[in-house]
$ cat upload_13.txt   # compact mmCIF, C-alpha atoms and all ligand atoms
# COMPACT_ATOMS: atom_id res chain seq x y z
CA MET A 1 2.28 -15.40 18.16
CA ARG A 2 4.46 -12.78 16.42
CA ALA A 3 3.47 -9.82 14.27
CA LEU A 4 4.88 -9.04 10.81
CA SER A 5 5.15 -5.48 9.61
CA ILE A 6 6.80 -3.29 6.97
CA ARG A 7 8.98 -0.53 8.37
CA ILE A 8 11.45 2.06 7.14
CA GLN A 9 14.66 3.23 8.83
CA GLN A 10 15.08 6.21 6.48
CA HIS A 11 13.21 8.04 3.73
CA GLY A 12 13.95 7.04 0.15
CA ASP A 13 12.86 4.97 -2.82
CA PRO A 14 10.86 1.71 -2.41
CA SER A 15 14.04 -0.22 -1.51
CA VAL A 16 13.90 1.30 2.02
CA LEU A 17 10.90 -0.90 2.89
CA GLU A 18 11.89 -3.75 5.24
CA VAL A 19 9.93 -6.73 6.56
CA THR A 20 10.28 -6.94 10.35
CA GLU A 21 8.99 -9.33 13.01
CA SER A 22 8.04 -8.39 16.57
CA GLU A 23 6.18 -9.61 19.66
CA LEU A 24 2.42 -9.27 19.43
CA PRO A 25 1.53 -6.14 21.45
CA SER A 26 -1.31 -5.95 24.01
CA PRO A 27 -3.93 -3.19 23.78
CA ALA A 28 -3.78 -0.48 26.47
CA VAL A 29 -6.70 1.57 27.80
CA GLY A 30 -9.00 2.63 24.94
CA GLU A 31 -7.18 0.53 22.35
CA VAL A 32 -8.03 -2.51 20.24
CA LEU A 33 -5.71 -5.15 18.78
CA ILE A 34 -6.74 -5.96 15.21
CA ARG A 35 -5.75 -9.15 13.37
CA GLN A 36 -5.56 -7.65 9.89
CA SER A 37 -6.75 -9.53 6.83
CA ALA A 38 -5.65 -6.82 4.37
CA ALA A 39 -4.07 -3.37 4.24
CA GLY A 40 -4.72 -0.76 1.57
CA VAL A 41 -1.93 0.90 -0.42
CA ASN A 42 -2.50 4.62 -0.95
CA PHE A 43 -0.54 7.32 -2.71
CA ILE A 44 0.05 9.03 0.63
CA ASP A 45 2.14 5.99 1.66
CA THR A 46 4.65 6.93 -1.05
CA TYR A 47 4.82 10.50 0.35
CA HIS A 48 5.49 9.07 3.86
CA ARG A 49 8.16 6.78 2.42
CA SER A 50 9.90 9.43 0.28
CA GLY A 51 9.75 12.12 2.95
CA LEU A 52 7.48 14.50 0.98
CA TYR A 53 5.32 14.16 4.12
CA PRO A 54 8.02 13.33 6.72
CA ILE A 55 7.24 10.74 9.45
CA ALA A 56 9.06 9.80 12.68
CA LEU A 57 11.86 7.28 11.92
CA PRO A 58 12.20 4.37 12.20
CA GLY A 59 8.50 3.92 11.51
CA GLY A 60 5.75 1.90 9.86
CA LEU A 61 3.89 2.65 6.65
CA GLY A 62 0.27 2.44 5.56
CA VAL A 63 -2.80 4.22 6.86
CA GLU A 64 -5.68 1.83 6.28
CA ALA A 65 -6.56 -1.79 6.91
CA ALA A 66 -9.39 -4.09 7.91
CA GLY A 67 -9.62 -7.24 9.97
CA VAL A 68 -11.07 -8.72 13.12
CA VAL A 69 -10.75 -7.45 16.70
CA GLU A 70 -8.48 -9.88 18.53
CA ALA A 71 -8.40 -8.18 21.96
CA ILE A 72 -9.63 -4.99 23.59
CA GLY A 73 -8.07 -2.78 26.26
CA ALA A 74 -9.81 -1.48 29.38
CA GLY A 75 -12.55 1.04 28.76
CA VAL A 76 -13.36 -0.07 25.21
CA HIS A 77 -17.14 -0.35 24.80
CA GLU A 78 -17.48 0.16 21.04
CA PHE A 79 -16.07 -3.25 20.06
CA LYS A 80 -15.62 -6.83 21.28
CA PRO A 81 -13.30 -9.61 20.10
CA GLY A 82 -14.54 -11.07 16.81
CA ASP A 83 -15.99 -7.80 15.43
CA ARG A 84 -15.09 -6.93 11.83
CA VAL A 85 -13.50 -3.48 11.73
CA ALA A 86 -11.53 -1.08 9.54
CA TYR A 87 -9.69 2.19 9.86
CA ALA A 88 -8.31 4.82 7.50
CA GLY A 89 -6.08 7.75 8.31
CA GLY A 90 -3.98 8.56 11.34
CA ALA A 91 -0.38 7.60 12.02
CA PRO A 92 1.28 5.23 9.52
CA GLY A 93 1.73 1.55 10.47
CA ALA A 94 -1.05 -0.34 8.68
CA TYR A 95 1.26 -2.54 6.57
CA ALA A 96 1.21 -5.28 9.21
CA SER A 97 -0.37 -8.56 10.23
CA HIS A 98 -1.60 -7.01 13.51
CA ARG A 99 -2.14 -3.44 14.65
CA ILE A 100 -3.01 -1.64 17.84
CA MET A 101 -5.40 1.26 17.19
CA PRO A 102 -7.31 3.71 19.38
CA ALA A 103 -10.87 2.32 19.39
CA ALA A 104 -12.17 5.84 18.72
CA ARG A 105 -10.53 5.84 15.24
CA VAL A 106 -11.87 2.42 14.19
CA VAL A 107 -15.19 1.83 12.43
CA PRO A 108 -17.36 -1.28 12.16
CA VAL A 109 -17.50 -3.01 8.75
CA PRO A 110 -21.17 -3.71 7.96
CA ALA A 111 -22.23 -7.21 6.82
CA PRO A 112 -22.51 -6.62 3.04
CA ILE A 113 -18.97 -5.19 2.80
CA SER A 114 -16.01 -7.57 2.61
CA GLU A 115 -12.93 -6.90 4.71
CA GLU A 116 -10.92 -6.69 1.47
CA VAL A 117 -13.13 -3.96 0.04
CA ALA A 118 -13.05 -2.06 3.34
CA ALA A 119 -9.25 -2.34 3.53
CA ALA A 120 -8.70 -1.32 -0.07
CA THR A 121 -11.19 1.51 -0.36
CA LEU A 122 -12.24 3.04 2.97
CA LEU A 123 -9.71 5.88 2.79
CA ARG A 124 -10.55 6.67 -0.82
CA GLY A 125 -14.27 6.24 -0.22
CA MET A 126 -14.28 8.58 2.78
CA THR A 127 -12.20 11.03 0.74
CA ALA A 128 -14.74 10.94 -2.09
CA GLN A 129 -17.52 11.42 0.49
CA TYR A 130 -16.16 14.64 1.96
CA LEU A 131 -14.93 15.99 -1.40
CA LEU A 132 -18.27 15.55 -3.18
CA LYS A 133 -20.64 16.23 -0.30
CA ARG A 134 -18.85 18.66 2.01
CA THR A 135 -15.89 20.44 0.36
CA PHE A 136 -17.98 21.34 -2.68
CA LYS A 137 -21.50 19.94 -2.76
CA VAL A 138 -22.14 18.18 -6.08
CA GLU A 139 -25.74 18.52 -7.20
CA SER A 140 -27.82 16.95 -9.91
CA GLY A 141 -27.28 18.54 -13.32
CA MET A 142 -23.81 19.91 -12.57
CA THR A 143 -20.83 19.02 -14.75
CA VAL A 144 -17.70 18.22 -12.71
CA LEU A 145 -14.08 17.52 -13.66
CA ILE A 146 -12.25 14.74 -11.80
CA HIS A 147 -8.57 14.06 -12.56
CA ALA A 148 -7.00 10.56 -12.58
CA ALA A 149 -10.43 9.02 -13.15
CA ALA A 150 -9.06 5.47 -13.43
CA GLY A 151 -7.15 5.78 -10.13
CA GLY A 152 -8.24 4.82 -6.64
CA VAL A 153 -10.00 7.99 -5.48
CA GLY A 154 -10.90 8.80 -9.09
CA GLN A 155 -12.94 5.65 -9.75
CA ILE A 156 -14.96 6.05 -6.58
CA ALA A 157 -15.47 9.80 -6.94
CA CYS A 158 -16.56 9.55 -10.59
CA GLN A 159 -19.14 6.83 -9.90
CA TRP A 160 -20.47 8.62 -6.84
CA ALA A 161 -20.68 12.01 -8.59
CA ARG A 162 -22.68 10.36 -11.34
CA ALA A 163 -24.99 8.71 -8.81
CA LEU A 164 -25.57 12.22 -7.39
CA GLY A 165 -26.79 13.23 -10.83
CA ALA A 166 -23.72 15.04 -12.15
CA ARG A 167 -22.23 14.80 -15.62
CA VAL A 168 -18.67 13.65 -15.08
CA ILE A 169 -15.57 14.59 -17.08
CA GLY A 170 -12.60 12.38 -16.15
CA THR A 171 -8.94 12.63 -17.12
CA VAL A 172 -6.56 9.68 -17.55
CA GLY A 173 -2.99 9.05 -18.68
CA ASN A 174 -3.38 6.39 -21.39
CA ALA A 175 -5.82 4.63 -23.71
CA ASP A 176 -6.38 1.56 -21.48
CA LYS A 177 -7.30 3.79 -18.56
CA ALA A 178 -9.55 5.81 -20.89
CA ALA A 179 -11.51 2.64 -21.72
CA LEU A 180 -11.87 1.87 -18.01
CA ALA A 181 -12.96 5.39 -17.05
CA ALA A 182 -15.52 5.46 -19.86
CA ARG A 183 -17.60 3.10 -17.68
CA TRP A 184 -18.45 5.99 -15.33
CA CYS A 185 -17.50 9.21 -17.14
CA ASP A 186 -19.58 11.12 -19.69
CA LEU A 187 -16.38 12.47 -21.26
CA VAL A 188 -12.88 11.05 -20.86
CA ILE A 189 -9.85 13.23 -21.67
CA ASP A 190 -6.43 11.62 -22.09
CA TYR A 191 -4.21 14.34 -20.64
CA SER A 192 -1.07 12.68 -22.04
CA HIS A 193 -1.89 14.31 -25.38
CA GLU A 194 -5.21 16.20 -25.19
CA ASP A 195 -5.80 19.82 -24.08
CA VAL A 196 -7.90 19.42 -20.94
CA ALA A 197 -9.25 22.97 -20.62
CA ALA A 198 -10.15 23.17 -24.33
CA GLN A 199 -12.06 19.87 -24.14
CA VAL A 200 -13.85 20.95 -20.97
CA ARG A 201 -14.88 24.25 -22.57
CA ALA A 202 -16.14 22.44 -25.68
CA PHE A 203 -18.17 20.01 -23.55
CA THR A 204 -19.74 22.80 -21.45
CA ALA A 205 -20.62 25.20 -24.28
CA GLY A 206 -17.72 27.45 -23.29
CA ARG A 207 -18.82 27.92 -19.68
CA GLY A 208 -16.35 25.70 -17.82
CA VAL A 209 -17.17 23.61 -14.75
CA PRO A 210 -18.14 24.79 -11.24
CA VAL A 211 -15.67 22.41 -9.58
CA VAL A 212 -12.46 20.53 -10.37
CA TYR A 213 -11.26 17.72 -8.10
CA ASP A 214 -7.49 17.53 -8.59
CA GLY A 215 -5.36 14.89 -6.85
CA VAL A 216 -2.63 15.07 -9.52
CA GLY A 217 -1.16 18.41 -8.39
CA ALA A 218 1.68 20.12 -10.26
CA ALA A 219 1.01 18.66 -13.72
CA THR A 220 -2.68 19.62 -13.86
CA PHE A 221 -2.83 22.84 -11.80
CA GLU A 222 -2.96 25.27 -14.75
CA ALA A 223 -5.42 23.19 -16.75
CA SER A 224 -7.63 22.86 -13.68
CA LEU A 225 -7.83 26.65 -13.21
CA ASP A 226 -8.46 27.12 -16.95
CA SER A 227 -11.34 24.61 -16.85
CA LEU A 228 -13.35 26.47 -14.19
CA ALA A 229 -16.37 28.70 -14.70
CA PRO A 230 -16.26 32.14 -13.01
CA ARG A 231 -16.41 31.72 -9.20
CA GLY A 232 -15.68 28.01 -9.59
CA MET A 233 -13.71 26.01 -7.04
CA LEU A 234 -10.47 24.11 -7.47
CA VAL A 235 -10.31 21.34 -4.88
CA SER A 236 -6.61 20.47 -4.87
CA PHE A 237 -6.44 17.33 -2.75
CA GLY A 238 -3.20 15.61 -3.74
CA ASN A 239 0.22 15.64 -5.40
CA ALA A 240 0.57 12.45 -7.48
CA SER A 241 2.72 14.38 -10.00
CA GLY A 242 4.39 16.57 -7.34
CA PRO A 243 3.24 19.50 -5.21
CA VAL A 244 1.74 22.60 -6.84
CA PRO A 245 4.48 25.29 -7.00
CA PRO A 246 3.96 28.62 -5.21
CA PHE A 247 1.75 31.09 -7.12
CA SER A 248 0.26 34.56 -6.68
CA PRO A 249 -3.38 34.69 -5.46
CA GLY A 250 -3.92 37.29 -8.20
CA ILE A 251 -4.13 34.39 -10.66
CA LEU A 252 -7.43 33.42 -9.06
CA ALA A 253 -8.83 36.88 -9.85
CA GLN A 254 -7.54 36.85 -13.44
CA LYS A 255 -9.09 33.49 -14.17
CA GLY A 256 -12.55 34.32 -12.84
CA SER A 257 -12.64 35.09 -9.08
CA LEU A 258 -11.93 31.43 -8.41
CA PHE A 259 -11.85 29.61 -5.08
CA LEU A 260 -9.05 27.24 -4.11
CA THR A 261 -9.03 24.79 -1.22
CA ARG A 262 -6.46 22.18 -0.18
CA PRO A 263 -8.41 19.77 2.07
CA THR A 264 -7.35 16.60 3.88
CA LEU A 265 -9.49 13.76 5.22
CA GLY A 266 -8.31 14.25 8.81
CA HIS A 267 -9.96 17.67 9.02
CA TYR A 268 -13.26 16.21 7.79
CA THR A 269 -13.26 13.37 10.33
CA LEU A 270 -12.21 15.31 13.42
CA THR A 271 -14.78 13.81 15.80
CA ARG A 272 -15.82 10.17 16.21
CA GLN A 273 -19.29 11.09 14.97
CA GLU A 274 -17.87 12.66 11.78
CA LEU A 275 -15.71 9.59 11.24
CA ILE A 276 -18.62 7.17 11.70
CA ASP A 277 -20.97 9.24 9.53
CA THR A 278 -18.41 9.52 6.72
CA ALA A 279 -17.61 5.79 6.74
CA GLU A 280 -21.29 4.81 6.96
CA ASP A 281 -22.23 7.06 4.06
CA TYR A 282 -19.51 5.45 1.95
CA PHE A 283 -20.42 1.88 2.91
CA THR A 284 -24.08 2.68 2.14
CA ALA A 285 -23.13 3.97 -1.32
CA VAL A 286 -21.30 0.68 -1.96
CA SER A 287 -24.16 -1.45 -0.59
CA ARG A 288 -26.67 0.41 -2.80
CA GLY A 289 -24.50 -0.10 -5.88
CA ASP A 290 -23.92 3.65 -6.37
CA VAL A 291 -20.21 2.88 -6.13
CA ILE A 292 -18.73 -0.39 -7.31
CA ALA A 293 -15.65 -0.81 -5.14
CA GLU A 294 -13.21 -3.28 -6.66
CA VAL A 295 -9.76 -4.44 -5.66
CA HIS A 296 -7.64 -4.16 -8.79
CA GLN A 297 -4.21 -5.26 -7.48
CA ARG A 298 -3.20 -7.65 -4.69
CA TYR A 299 0.35 -8.14 -3.35
CA ALA A 300 1.77 -10.18 -0.48
CA LEU A 301 2.72 -7.94 2.48
CA ALA A 302 6.38 -8.72 1.83
CA ASP A 303 6.02 -7.32 -1.72
CA ALA A 304 4.99 -3.85 -0.53
CA ALA A 305 8.00 -2.28 -2.30
CA GLN A 306 6.76 -3.60 -5.65
CA ALA A 307 3.29 -2.20 -4.93
CA HIS A 308 4.91 1.22 -4.39
CA ARG A 309 6.91 0.93 -7.62
CA ASP A 310 3.79 0.09 -9.62
CA LEU A 311 1.69 2.86 -8.04
CA GLU A 312 4.35 5.49 -8.71
CA ALA A 313 4.92 4.24 -12.26
CA ARG A 314 1.17 4.80 -12.94
CA LYS A 315 0.76 1.06 -13.63
CA THR A 316 -2.13 0.56 -11.21
CA THR A 317 -5.82 1.27 -11.61
CA GLY A 318 -8.39 1.49 -8.82
CA SER A 319 -7.37 0.21 -5.39
CA THR A 320 -4.46 -1.95 -4.24
CA LEU A 321 -4.16 -4.38 -1.31
CA LEU A 322 -1.37 -5.97 0.70
CA ILE A 323 -2.26 -9.37 2.15
CA PRO A 324 -0.36 -10.32 5.38
P1 LIG B 401 -4.24 6.78 -7.62
O1 LIG B 401 -4.63 5.37 -7.68
O2 LIG B 401 -5.22 7.81 -8.15
O3 LIG B 401 -2.84 6.96 -8.32
C1 LIG B 401 -2.43 8.23 -8.73
C2 LIG B 401 -2.76 8.47 -10.20
O4 LIG B 401 -2.39 9.80 -10.50
C3 LIG B 401 -1.97 7.60 -11.15
O5 LIG B 401 -2.54 6.33 -11.36
C4 LIG B 401 -1.97 8.45 -12.39
O6 LIG B 401 -3.11 8.19 -13.20
C5 LIG B 401 -2.09 9.88 -11.86
N1 LIG B 401 -0.84 10.61 -12.10
C6 LIG B 401 -0.71 11.71 -12.86
N2 LIG B 401 0.54 12.10 -12.92
C7 LIG B 401 1.26 11.23 -12.18
C8 LIG B 401 2.64 11.11 -11.87
N3 LIG B 401 3.57 11.98 -12.33
N4 LIG B 401 3.05 10.08 -11.09
C9 LIG B 401 2.15 9.21 -10.60
N5 LIG B 401 0.82 9.28 -10.85
C10 LIG B 401 0.38 10.28 -11.64
O7 LIG B 401 -3.88 7.17 -6.11
P2 LIG B 401 -4.84 7.35 -4.85
O8 LIG B 401 -6.22 7.00 -5.18
O9 LIG B 401 -4.19 6.68 -3.69
O10 LIG B 401 -4.73 8.91 -4.55
C11 LIG B 401 -5.08 9.87 -5.54
C12 LIG B 401 -4.68 11.24 -5.04
O11 LIG B 401 -5.52 11.60 -3.96
C13 LIG B 401 -3.24 11.31 -4.52
O12 LIG B 401 -2.68 12.55 -4.86
C14 LIG B 401 -3.45 11.25 -3.01
O13 LIG B 401 -2.40 11.81 -2.29
C15 LIG B 401 -4.73 12.03 -2.86
N6 LIG B 401 -5.49 11.78 -1.66
C16 LIG B 401 -5.80 12.86 -0.88
C17 LIG B 401 -6.56 12.73 0.23
C18 LIG B 401 -6.96 13.93 0.99
O14 LIG B 401 -7.78 13.85 1.93
N7 LIG B 401 -6.44 15.08 0.64
C19 LIG B 401 -7.00 11.41 0.72
C20 LIG B 401 -6.69 10.33 -0.21
C21 LIG B 401 -5.93 10.52 -1.35
P3 LIG B 401 -3.00 8.47 -14.80
O15 LIG B 401 -1.91 7.54 -15.29
O16 LIG B 401 -4.34 8.17 -15.33
O17 LIG B 401 -2.58 9.90 -14.94
$ encode --input "upload_13.txt" --output "structure tokens"
Amino acid sequence: MRALSIRIQQHGDPSVLEVTESELPSPAVGEVLIRQSAAGVNFIDTYHRSGLYPIALPGGLGVEAAGVVEAIGAGVHEFKPGDRVAYAGGAPGAYASHRIMPAARVVPVPAPISEEVAAATLLRGMTAQYLLKRTFKVESGMTVLIHAAAGGVGQIACQWARALGARVIGTVGNADKAALAARWCDLVIDYSHEDVAAQVRAFTAGRGVPVVYDGVGAATFEASLDSLAPRGMLVSFGNASGPVPPFSPGILAQKGSLFLTRPTLGHYTLTRQELIDTAEDYFTAVSRGDVIAEVHQRYALADAAQAHRDLEARKTTGSTLLIP
């Protein structure tokens, strides 16, 4: 049997994505071979493709997928052939029909969760987990601001924050997305034409919010700082609109002795135990109905370039899958 994968020879626009065929690899010591039923498409894949986050070339793309263990290498005790598994994070290469992974970076997919949901949302779900529970702990009664509330991370984070008892303010880029985000936000701000900080102040009786979760980056940085209460925290976790430009730390003092952090999932899942705990907490939130994890877009693996075009053109909502 042969494996299909999407690879790039150079950084660039979506046209650099190529479908390639290769021999099916065998797992080495500590590795598993996964027959993948679906791979998730994440914004980080566009950074790997464009070179904003450079990768070794030629190389694969994609950092999450789910499927069934086809074979295990020596020394693997966590899994056996036939187990349903998923992974999120690590080196790119998930856009493929089969993938070799270190067993230590793979998690079991519990019975109530479909492989599609695991493949489409594990990365975003684990991201929401560490953002809301470990980077800044959301507590009942707080009001929080989450940008791109109709997006992949945004949908999950908004629902989960609400389940934790928070009042959620979400931002979106158009009226259709506003209608979608209204399902899980107490206030939706369309940042294509509304003043985010002014709306946040009005909604919080002038106080501002204790935390802003910002995966949009350059376009929202100022409004995020201006929406915070004194000693509030800006959690800047992504660059969908481009990276935040350099700034003086003095701005944080001027705007209220603010905190700023720029976290990534890898640093919150350093050990196998952290990885398992983070994934389990997310899958439990889905099983309980705290988070409704939906797949909003599906593409054939060979159409990965179109998936990138749509994601970058802000045409997608929620999570996106490639089906090998
Ligand atoms: P999304 O599905 O949220 O897509 C990004 C959204 O950002 C768009 O749909 C769009 O929503 C909004 N956006 C605002 N400005 C732009 C722009 N100029 N170009 C494109 N999109 C824009 O993506 P993901 O869920 O995959 O990721 C969300 C963010 O989280 C990304 O920045 C990603 O890198 C980051 N991330 C960070 C992680 C971490 O650990 N640090 C882990 C996972 C994701 P709208 O039209 O409503 O504005």
$ closest_atom_pairs --input "upload_13.txt" --of "chain A" --to "ligand LIG 401 (chain B)" --cutoff "8 Å" --atoms "all atoms listed in the file" --output "Markdown table"
| residue | atom | partner | partner_atom | distance |
| --- | --- | --- | --- | --- |
| A:Val41 | CA | B:LIG401 | O9 | 7.0 |
| A:Asn42 | CA | B:LIG401 | O9 | 3.8 |
| A:Phe43 | CA | B:LIG401 | O9 | 3.8 |
| A:Ile44 | CA | B:LIG401 | O13 | 4.7 |
| A:Tyr47 | CA | B:LIG401 | O13 | 7.8 |
| A:Leu123 | CA | B:LIG401 | C20 | 6.2 |
| A:Arg124 | CA | B:LIG401 | C20 | 5.4 |
| A:Thr127 | CA | B:LIG401 | C19 | 5.2 |
| A:His147 | CA | B:LIG401 | O17 | 7.7 |
| A:Ala148 | CA | B:LIG401 | O16 | 4.5 |
| A:Ala149 | CA | B:LIG401 | O16 | 6.5 |
| A:Ala150 | CA | B:LIG401 | O16 | 5.8 |
| A:Gly151 | CA | B:LIG401 | O2 | 3.4 |
| A:Gly152 | CA | B:LIG401 | O8 | 3.3 |
| A:Val153 | CA | B:LIG401 | O8 | 3.9 |
| A:Gly154 | CA | B:LIG401 | O2 | 5.8 |
| A:Thr171 | CA | B:LIG401 | O16 | 6.7 |
| A:Val172 | CA | B:LIG401 | O16 | 3.5 |
| A:Gly173 | CA | B:LIG401 | O16 | 3.7 |
| A:Asn174 | CA | B:LIG401 | O15 | 6.4 |
| A:Lys177 | CA | B:LIG401 | O16 | 6.2 |
| A:Ala178 | CA | B:LIG401 | O16 | 8.0 |
| A:Asp190 | CA | B:LIG401 | O16 | 7.9 |
| A:Tyr191 | CA | B:LIG401 | O17 | 7.4 |
| A:Ser192 | CA | B:LIG401 | O17 | 7.8 |
| A:Asp214 | CA | B:LIG401 | C12 | 7.8 |
| A:Gly215 | CA | B:LIG401 | O12 | 4.1 |
| A:Val216 | CA | B:LIG401 | C6 | 5.1 |
| A:Gly217 | CA | B:LIG401 | O12 | 7.0 |
| A:Ala219 | CA | B:LIG401 | N2 | 6.6 |
| A:Ser236 | CA | B:LIG401 | N7 | 7.7 |
| A:Phe237 | CA | B:LIG401 | N7 | 4.1 |
| A:Gly238 | CA | B:LIG401 | O12 | 3.3 |
| A:Asn239 | CA | B:LIG401 | O12 | 4.3 |
| A:Ala240 | CA | B:LIG401 | O12 | 4.2 |
| A:Ser241 | CA | B:LIG401 | N3 | 3.5 |
| A:Gly242 | CA | B:LIG401 | N3 | 6.8 |
| A:Arg262 | CA | B:LIG401 | N7 | 7.1 |
| A:Pro263 | CA | B:LIG401 | N7 | 5.3 |
| A:Thr264 | CA | B:LIG401 | O14 | 3.4 |
| A:Leu265 | CA | B:LIG401 | O14 | 3.7 |
| A:Gly266 | CA | B:LIG401 | O14 | 6.9 |
| A:Leu311 | CA | B:LIG401 | O3 | 6.1 |
| A:Glu312 | CA | B:LIG401 | C9 | 4.7 |
| A:Ala313 | CA | B:LIG401 | C9 | 5.9 |
| A:Arg314 | CA | B:LIG401 | O5 | 4.3 |
| A:Lys315 | CA | B:LIG401 | O5 | 6.6 |
| A:Thr316 | CA | B:LIG401 | O5 | 5.8 |
| A:Thr317 | CA | B:LIG401 | O1 | 5.8 |
| A:Gly318 | CA | B:LIG401 | O1 | 5.5 |
| A:Ser319 | CA | B:LIG401 | O1 | 6.3 |
$ closest_residue --input "upload_13.txt" --among "A:Ala304, A:Leu33, A:Ala111, A:Ala175" --to "Ile6 of chain A" --atoms "all atoms listed in the file"
A:Ala304
$ closest_residue --input "upload_13.txt" --among "A:Leu24, A:Ile156, A:Leu122, A:Leu57" --to "Ala88 of chain A" --atoms "all atoms listed in the file"
A:Leu122
$ residues_near_point --input "upload_13.txt" --point "(10.6, 5.1, 4.3)" --cutoff "10 Å" --atoms "only C-alpha atoms" --output "PyMOL selection string"
chain A and resi 6-18+45-51+54-61
$ axis_aligned_box --input "upload_13.txt" --around "segment 26-36 of chain A" --padding-each-side "4 Å" --output "AutoDock Vina command-line options"
--center_x -5.2 --center_y -3.3 --center_z 18.8 --size_x 15.7 --size_y 19.8 --size_z 25.9
$ residues_around --input "upload_13.txt" --residues "Pro25 of chain A" --least-positions-apart "3" --cutoff "9 Å" --atoms "all atoms listed in the file" --output "MDAnalysis selection string"
chainID A and resid 2:3 22 33 98:100
$ closest_residue --input "upload_13.txt" --among "A:Cys158, A:Val235, A:Leu131, A:Ile276" --to "Pro108 of chain A" --atoms "only C-alpha atoms"
A:Ile276
$ atom_distance --input "upload_13.txt" --atom1 "atom CA of Thr121 of chain A" --atom2 "atom CA of Gly90 of chain A"
15.4 Å
$ closest_residue --input "upload_13.txt" --among "A:Tyr268, A:Phe136, A:Tyr95, A:Phe221" --to "Ser5 of chain A" --atoms "only C-alpha atoms"
A:Tyr95
$ residues_around --input "upload_13.txt" --residues "Glu78 of chain A" --least-positions-apart "5" --cutoff "10 Å" --atoms "all atoms listed in the file" --output "list in words"
Gly30, Val32, Ile72, Asp83, Ala103, Ala104, Val106, Val107 and Pro108 of chain A
$ closest_residue --input "upload_13.txt" --among "A:Ser224, A:Ala74, A:Gly67, A:Arg105" --to "Leu270 of chain A" --atoms "only C-alpha atoms"
A:Arg105
$ closest_residue --input "upload_13.txt" --among "A:Arg183, A:Lys137, A:Arg84, A:Arg272" --to "Val212 of chain A" --atoms "all atoms listed in the file"
A:Lys137
$ residues_around --input "upload_13.txt" --residues "Arg231 of chain A" --least-positions-apart "3" --cutoff "7 Å" --atoms "only C-alpha atoms" --output "PyMOL selection string"
chain A and resi 256-259
$ atom_distance --input "upload_13.txt" --atom1 "atom CA of Arg288 of chain A" --atom2 "atom CA of Ala38 of chain A"
23.4 Å
$ residues_around --input "upload_13.txt" --residues "Ser287 of chain A" --least-positions-apart "2" --cutoff "12 Å" --atoms "only C-alpha atoms" --output "mmCIF file with C-alpha atoms, keeping the file's coordinate frame"
data_model
loop_
_atom_site.group_PDB
_atom_site.id
_atom_site.type_symbol
_atom_site.label_atom_id
_atom_site.label_comp_id
_atom_site.auth_asym_id
_atom_site.auth_seq_id
_atom_site.Cartn_x
_atom_site.Cartn_y
_atom_site.Cartn_z
ATOM 1 C CA VAL A 109 -17.500 -3.010 8.750
ATOM 2 C CA PRO A 110 -21.170 -3.710 7.960
ATOM 3 C CA ALA A 111 -22.230 -7.210 6.820
ATOM 4 C CA PRO A 112 -22.510 -6.620 3.040
ATOM 5 C CA ILE A 113 -18.970 -5.190 2.800
ATOM 6 C CA SER A 114 -16.010 -7.570 2.610
ATOM 7 C CA VAL A 117 -13.130 -3.960 0.040
ATOM 8 C CA ALA A 118 -13.050 -2.060 3.340
ATOM 9 C CA GLU A 280 -21.290 4.810 6.960
ATOM 10 C CA ASP A 281 -22.230 7.060 4.060
ATOM 11 C CA TYR A 282 -19.510 5.450 1.950
ATOM 12 C CA PHE A 283 -20.420 1.880 2.910
ATOM 13 C CA THR A 284 -24.080 2.680 2.140
ATOM 14 C CA ALA A 285 -23.130 3.970 -1.320
ATOM 15 C CA GLY A 289 -24.500 -0.100 -5.880
ATOM 16 C CA ASP A 290 -23.920 3.650 -6.370
ATOM 17 C CA VAL A 291 -20.210 2.880 -6.130
ATOM 18 C CA ILE A 292 -18.730 -0.390 -7.310
ATOM 19 C CA ALA A 293 -15.650 -0.810 -5.140
#
$ atom_distance --input "upload_13.txt" --atom1 "atom CA of His267 of chain A" --atom2 "atom CA of Arg162 of chain A"
25.1 Å
